[in-house]
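Text of coords14.cif (mmCIF, C-alpha atoms) as supplied:
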```
data_target
loop_
_atom_site.label_atom_id
_atom_site.label_comp_id
_atom_site.auth_asym_id
_atom_site.auth_seq_id
_atom_site.Cartn_x
_atom_site.Cartn_y
_atom_site.Cartn_z
CA MET A 64 107.71 156.07 78.61
CA ALA A 65 109.12 157.11 81.96
CA PRO A 66 106.79 158.64 84.57
CA ARG A 67 106.80 162.42 84.66
CA GLY A 68 105.75 164.93 87.29
CA ARG A 69 106.08 168.51 88.44
CA LEU A 70 106.72 170.07 91.82
CA PRO A 71 105.73 173.61 92.76
CA LEU A 72 108.61 176.11 92.77
CA ASP A 73 107.72 177.45 96.21
CA GLY A 74 110.93 176.76 98.16
CA LYS A 75 109.18 174.24 100.42
CA PRO A 76 110.21 170.58 100.81
CA HIS A 77 108.21 168.12 98.74
CA PRO A 78 108.85 164.41 99.31
CA ILE A 79 109.16 162.41 96.13
CA GLN A 80 108.03 158.82 95.92
CA VAL A 81 108.67 156.91 92.71
CA LYS A 82 107.09 153.50 92.28
CA VAL A 83 109.31 151.09 90.36
CA PRO A 84 108.34 147.73 88.87
CA ARG A 85 111.10 145.75 90.59
CA ALA A 86 114.32 146.09 92.56
CA GLY A 87 117.22 147.49 90.59
CA LEU A 88 119.16 150.60 89.67
CA TYR A 89 117.04 153.51 88.45
CA ARG A 90 117.84 157.04 87.33
CA LEU A 91 115.80 160.08 88.35
CA ASP A 92 116.32 162.91 85.90
CA PHE A 93 115.11 166.40 86.66
CA ASP A 94 114.97 169.91 85.25
CA ASP A 95 115.18 172.57 87.93
CA SER A 96 114.29 175.39 85.48
CA SER A 97 117.42 177.13 86.82
CA ALA A 98 115.48 177.77 90.03
CA GLY A 99 117.80 175.64 92.15
CA TRP A 100 117.07 172.39 93.97
CA HIS A 101 117.78 170.67 97.26
CA ILE A 102 117.94 166.99 98.12
CA LYS A 103 118.04 165.34 101.50
CA VAL A 104 118.33 161.57 101.73
CA ALA A 105 117.13 159.77 104.85
CA ALA A 106 119.58 157.55 106.72
CA GLY A 107 119.61 154.03 105.35
CA ARG A 108 118.30 155.07 101.93
CA ARG A 109 120.43 154.43 98.88
CA ALA A 110 120.69 157.37 96.51
CA ALA A 111 123.63 158.63 94.50
CA ILE A 112 124.20 161.60 92.23
CA LEU A 113 125.79 160.96 88.85
CA LEU A 114 128.01 163.92 87.99
CA ASP A 115 127.60 165.09 84.40
CA PRO A 116 130.30 167.40 82.97
CA GLY A 117 127.82 169.02 80.58
CA ARG A 118 125.23 169.85 83.21
CA HIS A 119 125.34 172.82 85.55
CA VAL A 120 123.06 172.43 88.55
CA GLU A 121 122.29 174.97 91.24
CA HIS A 122 121.82 173.27 94.58
CA ALA A 123 119.98 175.57 96.99
CA GLY A 124 121.98 175.70 100.20
CA TRP A 125 124.59 173.34 101.60
CA MET A 126 124.10 169.64 100.94
CA GLN A 127 124.48 167.05 103.65
CA PRO A 128 128.02 165.56 103.62
CA MET A 129 128.48 164.00 100.18
CA HIS A 130 130.75 160.96 99.85
CA PHE A 131 132.94 159.84 96.94
CA TYR A 132 135.50 157.10 96.36
CA VAL A 133 139.22 157.73 95.83
CA PRO A 134 140.70 154.71 93.97
CA LYS A 135 143.69 152.76 95.22
CA GLY A 136 146.98 154.13 93.92
CA THR A 137 145.73 157.72 93.64
CA ARG A 138 148.44 160.07 94.85
CA GLU A 139 146.67 163.33 94.00
CA LEU A 140 142.93 163.81 93.52
CA HIS A 141 142.06 165.97 90.48
CA TYR A 142 138.72 167.59 89.73
CA TYR A 143 137.16 170.59 88.03
CA TRP A 144 135.03 172.86 90.19
CA TYR A 145 132.71 175.73 89.36
CA GLY A 146 130.68 176.78 92.35
CA GLN A 147 130.82 178.05 95.92
CA PRO A 148 133.58 177.31 98.49
CA HIS A 149 133.59 173.84 100.08
CA ARG A 150 135.66 171.50 102.22
CA ILE A 151 137.21 168.14 101.36
CA HIS A 152 137.60 165.54 104.12
CA GLY A 153 139.71 162.39 104.02
CA PRO A 154 138.56 158.96 105.22
CA ASP A 155 139.33 159.85 108.85
CA GLY A 156 137.13 162.98 108.65
CA ALA A 157 140.04 165.44 108.78
CA ILE A 158 139.78 168.47 106.50
CA LEU A 159 142.35 168.02 103.72
CA LYS A 160 141.54 171.17 101.79
CA GLU A 161 139.26 174.20 101.92
CA VAL A 162 138.45 175.19 98.34
CA SER A 163 137.60 178.82 97.64
CA ILE A 164 138.37 178.99 93.91
CA THR A 165 135.80 178.56 91.18
CA GLY A 166 136.01 177.75 87.49
CA GLU A 167 139.35 175.99 87.98
CA PHE A 168 140.99 172.61 88.42
CA VAL A 169 141.53 171.47 92.00
CA LYS A 170 144.35 169.19 93.15
CA VAL A 171 144.35 167.53 96.56
CA PRO A 172 147.33 165.45 97.73
CA VAL A 173 146.25 162.00 98.92
CA PRO A 174 147.91 161.15 102.25
CA ALA A 175 149.51 157.71 102.60
CA GLY A 176 146.83 155.11 103.31
CA ALA A 177 143.95 157.43 102.33
CA ASP A 178 143.56 155.94 98.83
CA GLY A 179 141.10 153.12 98.22
CA LYS A 180 138.68 154.73 100.66
CA THR A 181 135.65 156.97 100.82
CA TRP A 182 136.14 160.71 101.29
CA HIS A 183 133.51 163.41 101.60
CA PHE A 184 132.67 167.05 100.94
CA THR A 185 131.05 169.36 103.47
CA GLN A 186 129.68 172.87 103.10
CA ILE A 187 129.14 172.12 99.43
CA MET A 188 126.46 173.54 97.15
CA LEU A 189 126.76 171.47 94.02
CA GLY A 190 127.56 173.46 90.89
CA ARG A 191 129.81 171.94 88.23
CA LEU A 192 131.97 169.11 89.52
CA TRP A 193 133.88 166.55 87.50
CA PHE A 194 136.50 164.12 88.83
CA PHE A 195 139.34 163.21 86.49
CA ASN A 196 140.73 160.29 88.49
CA ALA A 197 137.84 159.17 90.69
CA PRO A 198 134.33 157.85 89.89
CA ASN A 199 131.86 160.64 89.14
CA PHE A 200 129.31 159.73 91.79
CA LEU A 201 128.37 161.40 95.07
CA ALA A 202 126.23 159.82 97.79
CA ALA A 203 124.81 160.82 101.16
CA SER A 204 126.52 157.83 102.80
CA PRO A 205 129.39 155.47 101.95
CA ALA A 206 126.93 152.54 101.78
CA ALA A 207 124.91 154.32 99.08
CA LEU A 208 127.90 155.15 96.90
CA LEU A 209 128.08 153.73 93.39
CA VAL A 210 131.46 152.54 92.12
CA PRO A 211 131.94 151.12 88.61
CA LYS A 212 132.16 147.32 88.71
CA GLU A 213 135.57 147.33 86.97
CA LEU A 214 136.94 149.48 89.80
CA VAL A 215 135.23 147.30 92.43
CA LYS A 216 137.11 144.33 90.98
CA LYS A 217 140.43 146.18 90.47
CA ASP A 218 140.48 147.63 94.00
CA GLY A 219 139.17 144.45 95.66
CA LEU A 220 136.03 146.08 97.07
CA ARG A 221 132.96 144.23 98.23
CA PRO A 222 130.17 144.53 95.64
CA ALA A 223 127.23 146.72 96.70
CA ALA A 224 124.87 143.74 96.64
CA SER A 225 126.82 142.15 99.50
CA ARG A 226 127.08 145.30 101.64
CA PRO A 227 124.59 145.81 104.45
CA ARG A 228 121.74 148.22 103.65
#
```

Now that the file is in, can you turn its structure into structure tokens?
Amino acid sequence: MAPRGRLPLDGKPHPIQVKVPRAGLYRLDFDDSSAGWHIKVAAGRRAAILLDPGRHVEHAGWMQPMHFYVPKGTRELHYYWYGQPHRIHGPDGAILKEVSITGEFVKVPVPAGADGKTWHFTQIMLGRLWFFNAPNFLAASPAALLVPKELVKKDGLRPAASRPR
């Protein structure tokens, strides 16, 4: 059985430390009781958020910039968004789109040479987000981002195990 715990719903930061038996990929599942949640990942730490189309989460306040991968050959990024306004930045950091709609599908043209790279969101409070043509993972840094191994191979990326931590 997986370890379980509770945090007080007092709006204050509470560091979480989870002891694991060995190195590897682990999943932290949580229930925010619809009270909202906030996560901040320290520099150099690997942590990614798996987006789940059936789960609506209420992040309390803006998240730190959250990175995602746009596969090679993508000419237009497509995703569903239900939440607050946010910004989408390309690999060079330039704002490609300011999104103010909610409960709709978002399309973002991919500039030449911006595919096969990591993009990021800013001023985002995670609600419902689901990519249709990109991996459904967000991370606080490009080095922490998870990309399915089939896509790593297809796009000629370096596997995470060989990237610096």

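Residues lying at most 9 Å from (138.7, 158.2, 93.3) in file coordinates, with all atoms listed in the file considered, are Phe131, Tyr132, Val133, Pro134, Lys135, Thr137, Leu140, His141, Asp178, Gly179, Lys180, Thr181, Trp182, Phe194, Phe195, Asn196, Ala197, Pro198 and Asn199 of chain A.
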
Hits of the PyMOL selection byres ((chain A and resi 203) around 10) in this structure, as a list of chain:residue names: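 For this structure, the PyMOL selection byres ((chain A and resi 203) around 10) captures A:Ile102, A:Lys103, A:Val104, A:Ala105, A:Ala106, A:Gly107, A:Arg108, A:Arg109, A:Ala110, A:Ala111, A:Ile112, A:Met126, A:Gln127, A:Pro128, A:Met129, A:His130, A:Phe131, A:His183, A:Leu201, A:Ala202, A:Ser204, A:Pro205, A:Ala206, A:Ala207, A:Leu208.
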
Counting all atoms listed in the file, the residue among A:Val81, A:Val169, A:Leu114, A:Ala177 that lies closest to Gly156 in chain A is A:Ala177

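For the atom pair formed by CA of Leu192 in chain A and CA of Val171 in chain A, the distance is 14.3 Å, given to one decimal.
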
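For the file at hand, the PyMOL selection byres ((chain A and resi 165) around 9) resolves to Tyr143, Trp144, Tyr145, Gly146, Gln147, Pro148, Val162, Ser163, Ile164, Gly166, Glu167 and Phe168 of chain A.
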
Any idea what's packed within 8 Å of Lys160 in chain A, counting only C-alpha atoms, ignoring anything in its chain fewer than 5 positions away? Could you give it as a PDB file with C-alpha atoms, in the coordinates of the input?
```pdb
ATOM      1  CA  ARG A 150     135.660 171.500 102.220  1.00  0.00           C
ATOM      2  CA  ILE A 151     137.210 168.140 101.360  1.00  0.00           C
ATOM      3  CA  HIS A 152     137.600 165.540 104.120  1.00  0.00           C
ATOM      4  CA  VAL A 171     144.350 167.530  96.560  1.00  0.00           C
TER       5      VAL A 171
END
```
